[in-house]
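Read the structure below first, then the notes.
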2 protein chains.
Amino acid sequence: MVSADTRPRRRADAERSITRIVSAARECLSRDPDATMDDIAKVAGVGRMTVYGHFRTRPELVEAALGEALRAGELTLAGVDLTGDARQAMNRLLASSWSLVAESAALLSAAQRVLPEGRLRELHTGAADRVQQLIGRGQDDGAFRTDLPVTWLVNAVQYILHGAAEEIRLGRLDPVRASGVVTATVQSILAVPAGGTGLPQR
Amino acid sequence: MVSADTRPRRRADAERSITRIVSAARECLSRDPDATMDDIAKVAGVGRMTVYGHFRTRPELVEAALGEALRAGELTLAGVDLTGDARQAMNRLLASSWSLVAESAALLSAAQRVLPEGRLRELHTGAADRVQQLIGRGQDDGAFRTDLPVTWLVNAVQYILHGAAEEIRLGRLDPVRASGVVTATVQSILAVPAGGTGLPQR
DNA sequence: TCTATCTCGTACGGGAATGTACGAGATAGC
DNA sequence: GCTATCTCGTACATTCCCGTACGAGATAGA
């Protein structure tokens, strides 16, 4: 309904350009939410005018980039076995897609500034919901803590992923160890507290 | 060495204006890193030209705002008893200053875009170092985990605080419960893992 | 080979933000 | 009450980016 041939038809080189542009947009925008059309064009290796040939406005391009990232995320998500022990499932999920999820989060915050609120929710729902479902199921199974709101847990995980991506970018976290670090941190956040965290049980 | 009277002298009303401007800058910039000089002036209740009367450039104002926030943070930090059980100390620290630390983090990311790298480290060192020391001490005492790098733990805590502030801003987290939620989450991140996180021991 | 499509440079208009210049009026502080 | 200081509006130059217009040249695809 989106990517199919609603347009009359396109030449192969145009298709290739679009791919490169969207890919460049993902890269640039997830690093700098204010990346310029010109920046993106340069990274894509095309002229700025070519970009405008395919995307009329900047918001349109941002949406395309976000959409692609989310689609990729959902695809990966769909390929991960989320059944069985929730902890193990979360580990599998993180191992295969944490950096991708982090990228989506960065793009999401970039999109937040240029897309209408509704449009954003519309695109993002689905990807996030499935993570929330997994965490929710883990809570029901007794694998994950229930003393904190689900929405907080979901977002806390997001922030950790986002942070890890940033730390790598700043050279403060070894990319090789990152996956393990992320997994360990997330598990700690979701785990049922031992009982002595010093907090009232609420 | 910074705030003292290196300037010839200032009238009382000017002093008042500066205070309001810096305060407004802290508020605006921690909410939107791209806040305009005009935005800040409006919030401060003064004209834009008055702002320029005291801060020649935007980076100068950003630095002032960040500096003030960090100074406030250090002041609070200095008032917290960090001795004794590291877990309890961390709880005390978070209880009395988590939102302030979160604000500093937001300002920090705003400053990252307009201040030279060195200047930023220069200002920020001190505040962050003390948190790092506390976590390091906790590790030595066996209160906190040692399977993850200290720098990561410090930053993970920062990201969680930042995230909590954002969640409140978006109305997804009850401000009243926030303190407890933050404390519980941070304790989980720092705690020595029970032993079954599913990760190789490093 | 022929044509519709695509690339992409130059040039232009518009908007927003920064920072400067000037100056008239208010006021703190002596 | 005098004066240096401060406030702050208007106006302007500059810069940066977006988006449009035009068009010449390359190329895919038949």
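Chain lettering (A, B, ...) mirrors the order of the structure tokens, residue numbering begins at 1 for each chain separately, and ligand numbering begins at 1 in order of display.
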
Just fit chain A onto chain B on all the Cα atoms, in order, by least squares, and give it as a tab-separated table (two decimals) with C-alpha atoms, in the first residue's frame.
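File written: part17.tsv
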```tsv
chain	number	residue	atom	x	y	z
A	1	MET	CA	37.22	33.40	39.43
A	2	VAL	CA	34.16	33.39	37.29
A	3	SER	CA	31.23	35.08	38.93
A	4	ALA	CA	33.12	37.53	41.12
A	5	ASP	CA	33.53	41.19	40.23
A	6	THR	CA	35.89	41.07	37.34
A	7	ARG	CA	33.52	43.59	35.76
A	8	PRO	CA	33.73	47.18	37.04
A	9	ARG	CA	30.35	46.96	38.74
A	10	ARG	CA	26.72	46.30	37.93
A	11	ARG	CA	23.47	47.86	38.87
A	12	ALA	CA	21.02	45.82	40.90
A	13	ASP	CA	18.40	45.61	38.15
A	14	ALA	CA	21.00	44.35	35.71
A	15	GLU	CA	21.95	41.65	38.18
A	16	ARG	CA	18.33	40.68	38.43
A	17	SER	CA	17.93	40.55	34.66
A	18	ILE	CA	20.94	38.32	34.29
A	19	THR	CA	19.59	35.93	36.88
A	20	ARG	CA	16.27	35.73	35.14
A	21	ILE	CA	17.88	35.25	31.74
A	22	VAL	CA	20.17	32.45	32.85
A	23	SER	CA	17.32	30.78	34.65
A	24	ALA	CA	15.15	31.04	31.56
A	25	ALA	CA	17.97	29.67	29.46
A	26	ARG	CA	18.25	26.64	31.72
A	27	GLU	CA	14.55	26.03	31.44
A	28	CYS	CA	14.32	26.52	27.68
A	29	LEU	CA	17.51	24.74	26.66
A	30	SER	CA	16.89	21.69	28.78
A	31	ARG	CA	13.54	21.35	27.06
A	32	ASP	CA	14.68	22.25	23.55
A	33	PRO	CA	18.39	22.36	22.72
A	34	ASP	CA	17.61	24.64	19.79
A	35	ALA	CA	15.76	27.25	21.82
A	36	THR	CA	16.17	30.69	20.28
A	37	MET	CA	17.56	33.78	21.90
A	38	ASP	CA	14.12	35.23	21.40
A	39	ASP	CA	12.44	32.27	23.09
A	40	ILE	CA	14.69	32.63	26.09
A	41	ALA	CA	14.16	36.38	26.25
A	42	LYS	CA	10.41	35.91	26.23
A	43	VAL	CA	10.51	33.36	29.03
A	44	ALA	CA	12.80	35.63	30.99
A	45	GLY	CA	10.36	38.46	30.47
A	46	VAL	CA	12.87	40.79	28.87
A	47	GLY	CA	13.54	42.03	25.36
A	48	ARG	CA	15.88	40.18	23.08
A	49	MET	CA	18.23	43.11	23.02
A	50	THR	CA	18.58	43.01	26.77
A	51	VAL	CA	19.86	39.48	26.48
A	52	TYR	CA	22.48	40.60	24.01
A	53	GLY	CA	23.36	43.35	26.44
A	54	HIS	CA	24.65	40.72	28.85
A	55	PHE	CA	25.64	37.84	26.63
A	56	ARG	CA	27.36	38.70	23.41
A	57	THR	CA	26.70	35.45	21.64
A	58	ARG	CA	24.42	32.49	22.00
A	59	PRO	CA	27.22	30.09	22.89
A	60	GLU	CA	28.18	32.44	25.70
A	61	LEU	CA	24.68	32.21	27.11
A	62	VAL	CA	24.56	28.46	26.72
A	63	GLU	CA	27.80	28.17	28.60
A	64	ALA	CA	26.50	30.39	31.36
A	65	ALA	CA	23.34	28.32	31.68
A	66	LEU	CA	25.27	25.07	31.73
A	67	GLY	CA	27.76	26.45	34.19
A	68	GLU	CA	25.04	27.51	36.55
A	69	ALA	CA	23.27	24.19	36.37
A	70	LEU	CA	26.49	22.31	37.00
A	71	ARG	CA	27.34	24.57	39.89
A	72	ALA	CA	23.94	23.96	41.40
A	73	GLY	CA	24.47	20.27	40.88
A	74	GLU	CA	27.82	20.26	42.58
A	75	LEU	CA	26.41	22.26	45.44
A	76	THR	CA	23.68	19.73	46.01
A	77	LEU	CA	26.13	16.92	45.58
A	78	ALA	CA	28.36	18.44	48.21
A	79	GLY	CA	25.45	18.50	50.63
A	80	VAL	CA	24.76	14.80	50.31
A	81	ASP	CA	26.39	12.29	52.59
A	82	LEU	CA	28.13	9.87	50.26
A	83	THR	CA	29.75	7.75	52.94
A	84	GLY	CA	28.52	4.45	54.29
A	85	ASP	CA	26.74	1.85	52.22
A	86	ALA	CA	27.07	2.81	48.57
A	87	ARG	CA	23.51	1.74	47.78
A	88	GLN	CA	22.10	3.98	50.47
A	89	ALA	CA	24.38	6.80	49.39
A	90	MET	CA	23.18	6.48	45.82
A	91	ASN	CA	19.59	6.55	47.01
A	92	ARG	CA	20.22	9.72	48.95
A	93	LEU	CA	21.94	11.24	45.99
A	94	LEU	CA	19.14	10.42	43.60
A	95	ALA	CA	16.41	11.47	45.97
A	96	SER	CA	17.84	14.92	46.43
A	97	SER	CA	19.04	15.68	42.97
A	98	TRP	CA	17.93	13.38	40.22
A	99	SER	CA	15.89	15.94	38.34
A	100	LEU	CA	18.71	18.42	38.61
A	101	VAL	CA	21.20	15.95	37.25
A	102	ALA	CA	18.79	15.18	34.44
A	103	GLU	CA	18.56	18.86	33.61
A	104	SER	CA	22.32	19.14	33.51
A	105	ALA	CA	22.48	16.22	31.14
A	106	ALA	CA	20.00	17.86	28.80
A	107	LEU	CA	21.89	21.13	28.91
A	108	LEU	CA	25.07	19.23	28.30
A	109	SER	CA	23.75	17.80	25.07
A	110	ALA	CA	22.58	21.26	24.08
A	111	ALA	CA	26.02	22.65	24.77
A	112	GLN	CA	27.72	19.88	22.87
A	113	ARG	CA	26.62	21.49	19.63
A	114	VAL	CA	27.88	24.98	20.26
A	115	LEU	CA	30.85	24.67	22.58
A	116	PRO	CA	34.28	23.36	21.69
A	117	GLU	CA	34.90	19.84	22.98
A	118	GLY	CA	37.58	20.90	25.42
A	119	ARG	CA	35.54	23.60	27.06
A	120	LEU	CA	32.74	21.18	27.70
A	121	ARG	CA	34.88	18.56	29.40
A	122	GLU	CA	36.43	21.29	31.44
A	123	LEU	CA	33.09	22.41	32.82
A	124	HIS	CA	31.57	19.02	33.25
A	125	THR	CA	34.43	17.24	34.91
A	126	GLY	CA	33.87	17.29	38.61
A	127	ALA	CA	30.16	16.76	38.68
A	128	ALA	CA	30.32	13.53	36.72
A	129	ASP	CA	33.55	12.42	38.33
A	130	ARG	CA	32.02	12.35	41.76
A	131	VAL	CA	29.19	10.12	40.64
A	132	GLN	CA	31.75	7.88	39.02
A	133	GLN	CA	33.72	7.77	42.24
A	134	LEU	CA	30.68	6.75	44.18
A	135	ILE	CA	29.92	3.96	41.78
A	136	GLY	CA	33.56	2.91	41.77
A	137	ARG	CA	33.62	2.77	45.53
A	138	GLY	CA	30.43	0.73	45.51
A	139	GLN	CA	32.15	-1.72	43.21
A	140	ASP	CA	35.13	-1.99	45.52
A	141	ASP	CA	32.82	-2.58	48.46
A	142	GLY	CA	30.99	-5.31	46.61
A	143	ALA	CA	27.77	-3.30	46.69
A	144	PHE	CA	27.67	-2.75	42.94
A	145	ARG	CA	28.30	-5.03	40.00
A	146	THR	CA	31.73	-5.26	38.42
A	147	ASP	CA	30.82	-7.18	35.30
A	148	LEU	CA	30.20	-3.95	33.37
A	149	PRO	CA	32.56	-1.01	32.80
A	150	VAL	CA	32.24	1.86	35.26
A	151	THR	CA	31.90	4.42	32.50
A	152	TRP	CA	28.99	2.52	31.07
A	153	LEU	CA	27.27	2.32	34.42
A	154	VAL	CA	27.70	6.04	34.98
A	155	ASN	CA	26.29	6.87	31.58
A	156	ALA	CA	23.51	4.33	31.79
A	157	VAL	CA	22.34	6.05	34.96
A	158	GLN	CA	22.53	9.36	33.15
A	159	TYR	CA	20.41	8.08	30.30
A	160	ILE	CA	17.83	6.74	32.72
A	161	LEU	CA	17.61	10.09	34.48
A	162	HIS	CA	17.35	11.88	31.17
A	163	GLY	CA	14.65	9.48	30.09
A	164	ALA	CA	12.66	9.90	33.26
A	165	ALA	CA	12.69	13.66	32.83
A	166	GLU	CA	11.46	13.24	29.28
A	167	GLU	CA	8.72	10.83	30.29
A	168	ILE	CA	7.45	13.35	32.80
A	169	ARG	CA	7.51	16.08	30.19
A	170	LEU	CA	5.45	13.88	27.90
A	171	GLY	CA	3.00	13.12	30.65
A	172	ARG	CA	3.78	9.42	30.58
A	173	LEU	CA	5.25	9.30	34.06
A	174	ASP	CA	3.67	10.61	37.22
A	175	PRO	CA	6.03	13.22	38.68
A	176	VAL	CA	5.14	12.12	42.18
A	177	ARG	CA	6.14	8.53	41.59
A	178	ALA	CA	9.13	9.47	39.45
A	179	SER	CA	11.63	9.62	42.26
A	180	GLY	CA	10.79	6.10	43.39
A	181	VAL	CA	10.79	4.76	39.86
A	182	VAL	CA	14.16	6.29	39.13
A	183	THR	CA	15.67	4.99	42.34
A	184	ALA	CA	14.39	1.47	41.78
A	185	THR	CA	15.61	1.41	38.18
A	186	VAL	CA	19.06	2.71	39.00
A	187	GLN	CA	19.46	0.29	41.87
A	188	SER	CA	18.61	-2.55	39.54
A	189	ILE	CA	21.19	-1.41	37.03
A	190	LEU	CA	23.93	-1.14	39.61
A	191	ALA	CA	23.10	-4.17	41.72
A	192	VAL	CA	25.21	-7.28	41.55
A	193	PRO	CA	23.30	-9.62	39.24
A	194	ALA	CA	21.76	-12.63	40.94
A	195	GLY	CA	23.82	-14.94	38.79
A	196	GLY	CA	21.42	-16.06	36.11
A	197	THR	CA	21.30	-13.23	33.63
A	198	GLY	CA	22.10	-15.59	30.83
A	199	LEU	CA	25.37	-13.90	30.02
A	200	PRO	CA	28.88	-15.34	29.93
A	201	GLN	CA	30.84	-14.08	32.92
A	202	ARG	CA	33.39	-12.52	30.59
```

Worksheet entry | chain D contacts to chain B at 10 Å (only C-alpha atoms (C1' of nucleotides)) as a list in words | DT5, DC6, DT7, DC8 and DG9 of chain D

Discussion item. For the helix (DSSP H, G or I) assignment from backbone DSSP, which residues of segment 28-187 of chain B qualify? Please present them as a PyMOL selection string.
Written reply: chain B and resi 28-31+37-44+48-54+58-78+86-111+117-124+127-141+150-169+175-187

Item to complete: Can you work out the spacing between atom C1' of DT27 of chain D and atom C1' of DC6 of chain C in Å, to one decimal?
Response: 7.8 Å

Worksheet item: Which chain C residues are at most 10 Å from chain B (counting only C-alpha atoms (C1' of nucleotides)), as a ChimeraX atom specification?
Response: /C:17-19,27-29

Discussion item. Rounded to one decimal, what separation in Å do you get between atom C1' of DT3 of chain D and atom C1' of DC22 of chain C?
Written reply: 20.4 Å

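Atom pair atom C1' of DT14 of chain D / atom C1' of DA24 of chain C has a distance of 26.4 Å (rounded to one decimal).
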